[in-house]
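Asker: This is the structure I have questions about; it appears just below.
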Amino acid sequence: SFAYFTIKDRLPQILTRVIDTLHRHKNEFFEEHGEKGVEAEKRAISFLSKLRNELQTDKPVTPLEDELPDAALWNQYLDYQRNLPNGNGEPSWFQSPWLYVECYMYRRIHAALAQNPPIDNFDVFKEGKAQNFFESQEAIIALCTYFQELLKNIKDLDEKLLQEELFKLLQVSLWGNKCDLSFSAGEDSSQKSSPLQSLENMVPYILVNDMEKVWSLLVNAKKNRTERSNVRVDIILDNAGFELVSDLVLADFLLSSKLADEIYFHGKSIPWYVSDTTKHDFNWTIRQLGSANHMWMSRCGINWEGNLKKGVWVFRDHMFWTLPHDFSSMSEVAPDLYAELQKSNLLLFKGDLNYRKLTGDRKWEYSVPFHQALNKFHPAPLCSLRTLKCDTQVGLKPGQGEQIQASEPEWMVSGKYGVIQFDAGL
């Protein structure tokens, strides 16, 4: 399975890159923290080398030994895995659910640093995320320029044109999800050309396209809003770099077109899946845009700083997003987050990991309804924008998946296909 290939090849590659990154920063740690920094770097590397060995030799998964706030939840989850009636007692790297061990690896990478001050705040994936941003410059400039031109006459757009623009930016945000560094094991995955030019040609690759439903939900919410109720959209973010910029443009469009009054962004509280967005990445990206020497890029960045200051944009991170649980257990494990999401008119879930957690990362029949696969996770109407990079997909028409499978065996993991998949909730 694709899971086997991931654990056997991709995850050890990612660990090797992390170790290499720490090696390369040895001098910097010494300059900043003296011998203590170098000692911490050595300890972190030995911790990670041990982790890589455990993974490659299929050792049992061990409880976390750090004092971080989520450690107890992780260890409870390990007990739950040990006691599964159809499990084999002792979860190990190759004998466990893929989602669990993959999340567990990233949590152990975090522990390797968090337990070794003074380098405990070092993000081992930061360089890759920054590189992805800079190598996607052309695409970012094209998108910011397009958007700033659009803003000049957004007030004059009738409903039909407004809908067209929403559909365009939803698709840009969807295909922005191709830029995923955990998928390429950290290899370059930047967006080189303007994404706007190729949208027409990409439409046939959207296997489920519920953009109409998203549009009618937003339009109805706008018509029904009162003085006291704002229309709120939440975006559960995925990758930093170009994808994040495409999400920010979509968010700005929703505000500027008055389809939404406030946007909540949800990111990761620790470095995660190589290129996932943390609070630092979020703020860094907006600052980079604001100080760019390109007029429309900097206009975007400055406006977005303003949205954050005004409070119409809010960034939140929550420990739950970096736990191994799928979302159907959110109401139990993180009732505060579930209650927060219930305040939203629309939840936009970006990317593959969020899709896996929405659907429990199971090998579903392709035609199982999305609503069913969500397994009672319905805090609010939600939509998944995701390019396929793992072998979980639901909600297809009968025969649709089998038909593609016949001519393209790799269709579920190539990133070539996408979905804009909506569920109205209860």
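Quick note on naming: the chains in the structure tokens go A, B, ... in the order shown, residues restart at 1 in each chain, and ligands are numbered from 1 in order of appearance.
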Can you write out as a tab-separated table which residues of range 333-406 of chain A fall within 7 Å of range 217-239 of chain A, alongside each residue's closest atom pair and its distance in Å to one decimal, counting only C-alpha atoms and ordering rows by chain and ascending residue number?
Answerer:
residue	atom	partner	partner_atom	distance
A:Ser344	CA	A:Arg232	CA	5.1
A:Asn345	CA	A:Arg232	CA	5.4
A:Leu346	CA	A:Val233	CA	4.9
A:Leu347	CA	A:Asp234	CA	4.8
A:Leu348	CA	A:Ile235	CA	4.7
A:Phe349	CA	A:Ile236	CA	4.9
A:Lys350	CA	A:Asp238	CA	5.4
A:Gly351	CA	A:Asp238	CA	5.7
Asker: Output as a PyMOL selection string all residues of range 150-381 of chain A that backbone DSSP marks as alpha helix (DSSP H).
Answerer: chain A and resi 150-152+159-176+199-202+211-224+242-256+279-290+295-310+330-333+335-341+351-358+370-373
Asker: Which neighbours of Val394 in chain A fall inside 7 Å, counting only C-alpha atoms, when residues of the same chain fewer than 3 positions from it are skipped, and could you give them as a list in words?
Answerer: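 Near neighbours after the sequence-gap exclusion: Trp364, Glu365, Tyr366, Ser367, Val368, Pro369 and Phe370 of chain A.
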Asker: Quick one: residues within 12 Å of range 323-336 of chain A, only C-alpha atoms, excluding same-chain residues fewer than 6 positions away - as an NGL selection string?
Answerer: :A and (69-78 or 80-81 or 97-108 or 268-270 or 272 or 342-343 or 349 or 353-362 or 371-379)
Asker: Please produce a file of those selected residues containing N, CA and C atoms, as a compact mmCIF listing (two decimals), in the first residue's frame.
Answerer:
# COMPACT_ATOMS: atom_id res chain seq x y z
N PRO A 69 2.38 19.52 27.25
CA PRO A 69 0.97 19.47 27.69
C PRO A 69 0.15 18.35 27.05
N ASP A 70 0.55 17.88 25.86
CA ASP A 70 -0.28 16.88 25.19
C ASP A 70 0.20 15.44 25.42
N ALA A 71 1.28 15.28 26.21
CA ALA A 71 1.88 13.94 26.35
C ALA A 71 0.89 12.92 26.90
N ALA A 72 0.09 13.31 27.88
CA ALA A 72 -0.86 12.37 28.49
C ALA A 72 -1.87 11.89 27.44
N LEU A 73 -2.33 12.81 26.59
CA LEU A 73 -3.31 12.43 25.55
C LEU A 73 -2.69 11.43 24.56
N TRP A 74 -1.43 11.67 24.20
CA TRP A 74 -0.74 10.75 23.29
C TRP A 74 -0.61 9.37 23.92
N ASN A 75 -0.26 9.34 25.21
CA ASN A 75 -0.05 8.05 25.86
C ASN A 75 -1.37 7.31 26.07
N GLN A 76 -2.46 8.05 26.31
CA GLN A 76 -3.79 7.43 26.36
C GLN A 76 -4.12 6.81 25.01
N TYR A 77 -3.76 7.53 23.94
CA TYR A 77 -4.06 7.04 22.59
C TYR A 77 -3.27 5.76 22.30
N LEU A 78 -2.05 5.69 22.80
CA LEU A 78 -1.24 4.47 22.62
C LEU A 78 -1.93 3.30 23.34
N TYR A 80 -5.08 3.02 23.90
CA TYR A 80 -6.26 2.70 23.09
C TYR A 80 -5.85 1.80 21.91
N GLN A 81 -4.72 2.11 21.26
CA GLN A 81 -4.24 1.29 20.13
C GLN A 81 -3.87 -0.12 20.61
N PRO A 97 -1.99 1.65 12.46
CA PRO A 97 -2.59 2.56 11.48
C PRO A 97 -1.57 3.60 11.02
N TRP A 98 -1.52 3.81 9.73
CA TRP A 98 -0.58 4.76 9.13
C TRP A 98 -0.72 6.15 9.75
N LEU A 99 -1.94 6.64 9.85
CA LEU A 99 -2.16 8.00 10.36
C LEU A 99 -1.52 8.16 11.74
N TYR A 100 -1.68 7.13 12.58
CA TYR A 100 -1.17 7.21 13.95
C TYR A 100 0.35 7.30 13.96
N VAL A 101 1.04 6.36 13.28
CA VAL A 101 2.51 6.37 13.39
C VAL A 101 3.13 7.56 12.67
N GLU A 102 2.48 8.03 11.63
CA GLU A 102 3.02 9.21 10.94
C GLU A 102 2.93 10.44 11.86
N CYS A 103 1.77 10.65 12.45
CA CYS A 103 1.62 11.76 13.40
C CYS A 103 2.61 11.61 14.57
N TYR A 104 2.73 10.36 15.03
CA TYR A 104 3.63 10.08 16.16
C TYR A 104 5.08 10.47 15.83
N MET A 105 5.51 10.21 14.61
CA MET A 105 6.88 10.58 14.24
C MET A 105 7.09 12.09 14.38
N TYR A 106 6.13 12.88 13.86
CA TYR A 106 6.31 14.34 13.93
C TYR A 106 6.28 14.83 15.38
N ARG A 107 5.48 14.16 16.20
CA ARG A 107 5.44 14.55 17.61
C ARG A 107 6.76 14.22 18.30
N ARG A 108 7.39 13.10 17.90
CA ARG A 108 8.70 12.74 18.48
C ARG A 108 9.80 13.69 17.98
N LYS A 268 -1.14 25.03 13.05
CA LYS A 268 -0.57 24.03 13.95
C LYS A 268 0.21 24.71 15.07
N SER A 269 0.15 24.11 16.27
CA SER A 269 0.85 24.73 17.40
C SER A 269 2.32 24.28 17.48
N ILE A 270 2.70 23.26 16.70
CA ILE A 270 4.11 22.84 16.64
C ILE A 270 4.45 22.54 15.17
N TRP A 272 4.99 20.66 11.90
CA TRP A 272 4.17 19.47 11.65
C TRP A 272 4.18 19.12 10.17
N GLN A 342 -18.40 25.34 15.94
CA GLN A 342 -19.86 25.40 15.79
C GLN A 342 -20.36 26.83 15.56
N LYS A 343 -19.51 27.82 15.88
CA LYS A 343 -19.91 29.23 15.68
C LYS A 343 -19.77 29.66 14.23
N PHE A 349 -11.69 23.00 5.02
CA PHE A 349 -10.57 22.15 5.43
C PHE A 349 -9.62 21.99 4.27
N LEU A 353 -4.02 15.75 4.82
CA LEU A 353 -4.06 15.25 6.20
C LEU A 353 -5.42 15.56 6.83
N ASN A 354 -5.93 16.77 6.59
CA ASN A 354 -7.26 17.10 7.12
C ASN A 354 -8.32 16.15 6.54
N TYR A 355 -8.17 15.79 5.26
CA TYR A 355 -9.13 14.88 4.64
C TYR A 355 -9.05 13.50 5.29
N ARG A 356 -7.82 13.05 5.53
CA ARG A 356 -7.65 11.75 6.17
C ARG A 356 -8.29 11.74 7.56
N LYS A 357 -8.14 12.86 8.27
CA LYS A 357 -8.71 12.92 9.62
C LYS A 357 -10.23 13.12 9.58
N LEU A 358 -10.73 13.77 8.54
CA LEU A 358 -12.18 13.91 8.39
C LEU A 358 -12.84 12.54 8.15
N THR A 359 -12.17 11.70 7.37
CA THR A 359 -12.79 10.43 6.95
C THR A 359 -12.24 9.23 7.74
N GLY A 360 -11.47 9.49 8.80
CA GLY A 360 -10.94 8.40 9.60
C GLY A 360 -9.84 7.61 8.91
N ASP A 361 -9.33 8.12 7.79
CA ASP A 361 -8.21 7.51 7.05
C ASP A 361 -8.46 6.02 6.78
N ARG A 362 -9.67 5.71 6.35
CA ARG A 362 -9.99 4.30 6.08
C ARG A 362 -10.00 4.00 4.59
N HIS A 371 -20.79 12.37 3.85
CA HIS A 371 -21.49 12.59 5.13
C HIS A 371 -21.32 11.38 6.06
N GLN A 372 -21.42 10.20 5.47
CA GLN A 372 -21.28 8.96 6.26
C GLN A 372 -19.85 8.79 6.76
N ALA A 373 -18.88 9.06 5.89
CA ALA A 373 -17.46 8.89 6.26
C ALA A 373 -17.05 9.86 7.36
N LEU A 374 -17.75 11.00 7.47
CA LEU A 374 -17.42 11.98 8.51
C LEU A 374 -17.75 11.45 9.91
N ASN A 375 -18.53 10.38 9.98
CA ASN A 375 -18.77 9.69 11.24
C ASN A 375 -19.24 10.64 12.34
N LYS A 376 -20.29 11.39 12.05
CA LYS A 376 -20.94 12.30 13.00
C LYS A 376 -20.12 13.55 13.34
N PHE A 377 -19.07 13.83 12.56
CA PHE A 377 -18.36 15.10 12.76
C PHE A 377 -19.08 16.17 11.95
N HIS A 378 -19.95 16.94 12.62
CA HIS A 378 -20.73 17.97 11.91
C HIS A 378 -20.86 19.23 12.76
N PRO A 379 -19.74 19.89 13.10
CA PRO A 379 -19.89 21.11 13.90
C PRO A 379 -20.60 22.23 13.13
Asker: Using only C-alpha atoms, pick whichever of A:Pro91, A:Leu150, A:Asp123, A:Val312 has the shortest atom-to-atom distance to Asp79 in chain A.
Answerer: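 Closest to Asp79 in chain A of all the choices is A:Pro91.
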Asker: With only C-alpha atoms as the basis for distance, which of A:Asp158, A:Glu262, A:Glu243, A:Asp423 is at the shortest distance from Ser275 in chain A?
Answerer: A:Glu243
Asker: Which one is closest to Asn303 in chain A: A:Leu255, A:Thr322, A:Ala44, A:His280? Count only C-alpha atoms.
Answerer: A:Leu255
Asker: Which residues come within 12 Å of Gln400 in chain A, counting only C-alpha atoms, excluding same-chain residues fewer than 5 positions away, as an NGL selection string?
Answerer: :A and (205-208 or 365-367 or 393-395 or 405-407 or 411)
Asker: Considering only C-alpha atoms, state which residue in the set A:Phe422, A:Tyr417, A:Tyr146, A:Trp296 is at the smallest distance from Cys383 in chain A.
Answerer: A:Phe422
Asker: Determine, counting only C-alpha atoms, which protein, DNA and RNA residues have an atom within 10 Å of an atom of Ala130 in chain A; residues of the same chain fewer than 6 positions away are not included. Present the result as a CSV table (one decimal) with all heavy atoms, in the first residue's frame.
Answerer:
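Dumped everything to out.csv:
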chain,number,residue,atom,x,y,z
A,136,SER,N,8.4,30.3,-5.1
A,136,SER,CA,7.0,30.4,-5.7
A,136,SER,C,6.8,31.9,-6.0
A,136,SER,O,5.6,32.3,-6.2
A,136,SER,CB,6.0,29.9,-4.7
A,136,SER,OG,6.2,28.5,-4.4
A,240,ALA,N,2.3,25.9,4.5
A,240,ALA,CA,2.8,27.3,4.3
A,240,ALA,C,3.3,27.5,2.9
A,240,ALA,O,3.1,26.6,2.0
A,240,ALA,CB,4.0,27.5,5.3
A,241,GLY,N,3.9,28.6,2.6
A,241,GLY,CA,4.4,28.8,1.2
A,241,GLY,C,3.3,29.3,0.3
A,241,GLY,O,2.3,30.0,0.7
A,275,SER,N,5.7,20.9,6.1
A,275,SER,CA,5.4,22.2,5.6
A,275,SER,C,4.1,22.8,6.1
A,275,SER,O,3.6,23.8,5.6
A,275,SER,CB,5.3,22.3,4.0
A,275,SER,OG,4.6,21.2,3.5
A,281,ASP,N,4.9,30.9,10.9
A,281,ASP,CA,4.8,30.9,9.4
A,281,ASP,C,3.8,31.8,8.9
A,281,ASP,O,4.0,32.5,7.9
A,281,ASP,CB,4.5,29.5,8.9
A,281,ASP,CG,5.5,28.4,9.3
A,281,ASP,OD1,6.7,28.7,9.4
A,281,ASP,OD2,5.0,27.3,9.6
A,284,TRP,N,5.1,35.4,9.5
A,284,TRP,CA,6.2,35.6,8.7
A,284,TRP,C,5.8,35.9,7.2
A,284,TRP,O,6.3,36.8,6.6
A,284,TRP,CB,7.1,34.4,8.8
A,284,TRP,CG,8.4,34.4,7.9
A,284,TRP,CD1,9.6,35.0,8.3
A,284,TRP,CD2,8.6,34.0,6.6
A,284,TRP,NE1,10.5,34.8,7.3
A,284,TRP,CE2,9.9,34.2,6.2
A,284,TRP,CE3,7.7,33.3,5.7
A,284,TRP,CZ2,10.4,33.9,5.0
A,284,TRP,CZ3,8.2,33.0,4.4
A,284,TRP,CH2,9.6,33.3,4.1
A,285,THR,N,4.9,35.1,6.7
A,285,THR,CA,4.4,35.2,5.3
A,285,THR,C,3.8,36.6,5.1
A,285,THR,O,4.1,37.2,4.1
A,285,THR,CB,3.4,34.1,5.0
A,285,THR,OG1,4.0,32.8,5.3
A,285,THR,CG2,2.9,34.1,3.6
A,288,GLN,N,6.6,39.1,5.1
A,288,GLN,CA,7.4,39.0,3.8
A,288,GLN,C,6.6,39.7,2.7
A,288,GLN,O,7.3,40.5,1.9
A,288,GLN,CB,7.6,37.6,3.4
A,288,GLN,CG,8.6,36.8,4.2
A,288,GLN,CD,10.0,37.4,4.0
A,288,GLN,OE1,10.4,37.9,3.0
A,288,GLN,NE2,10.8,37.3,5.1
Asker: Given only C-alpha atoms as the basis, pick out the residue of A:Leu64, A:Tyr4, A:Thr145, A:Gly34 nearest to Trp93 in chain A.
Answerer: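 For Trp93 in chain A, the nearest of the candidates is A:Tyr4.
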Asker: In Å, with one decimal, what is the gap from CA of Ile109 in chain A to CA of Pro271 in chain A?
Answerer: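 Going from CA of Ile109 in chain A over to CA of Pro271 in chain A covers 8.9 Å.
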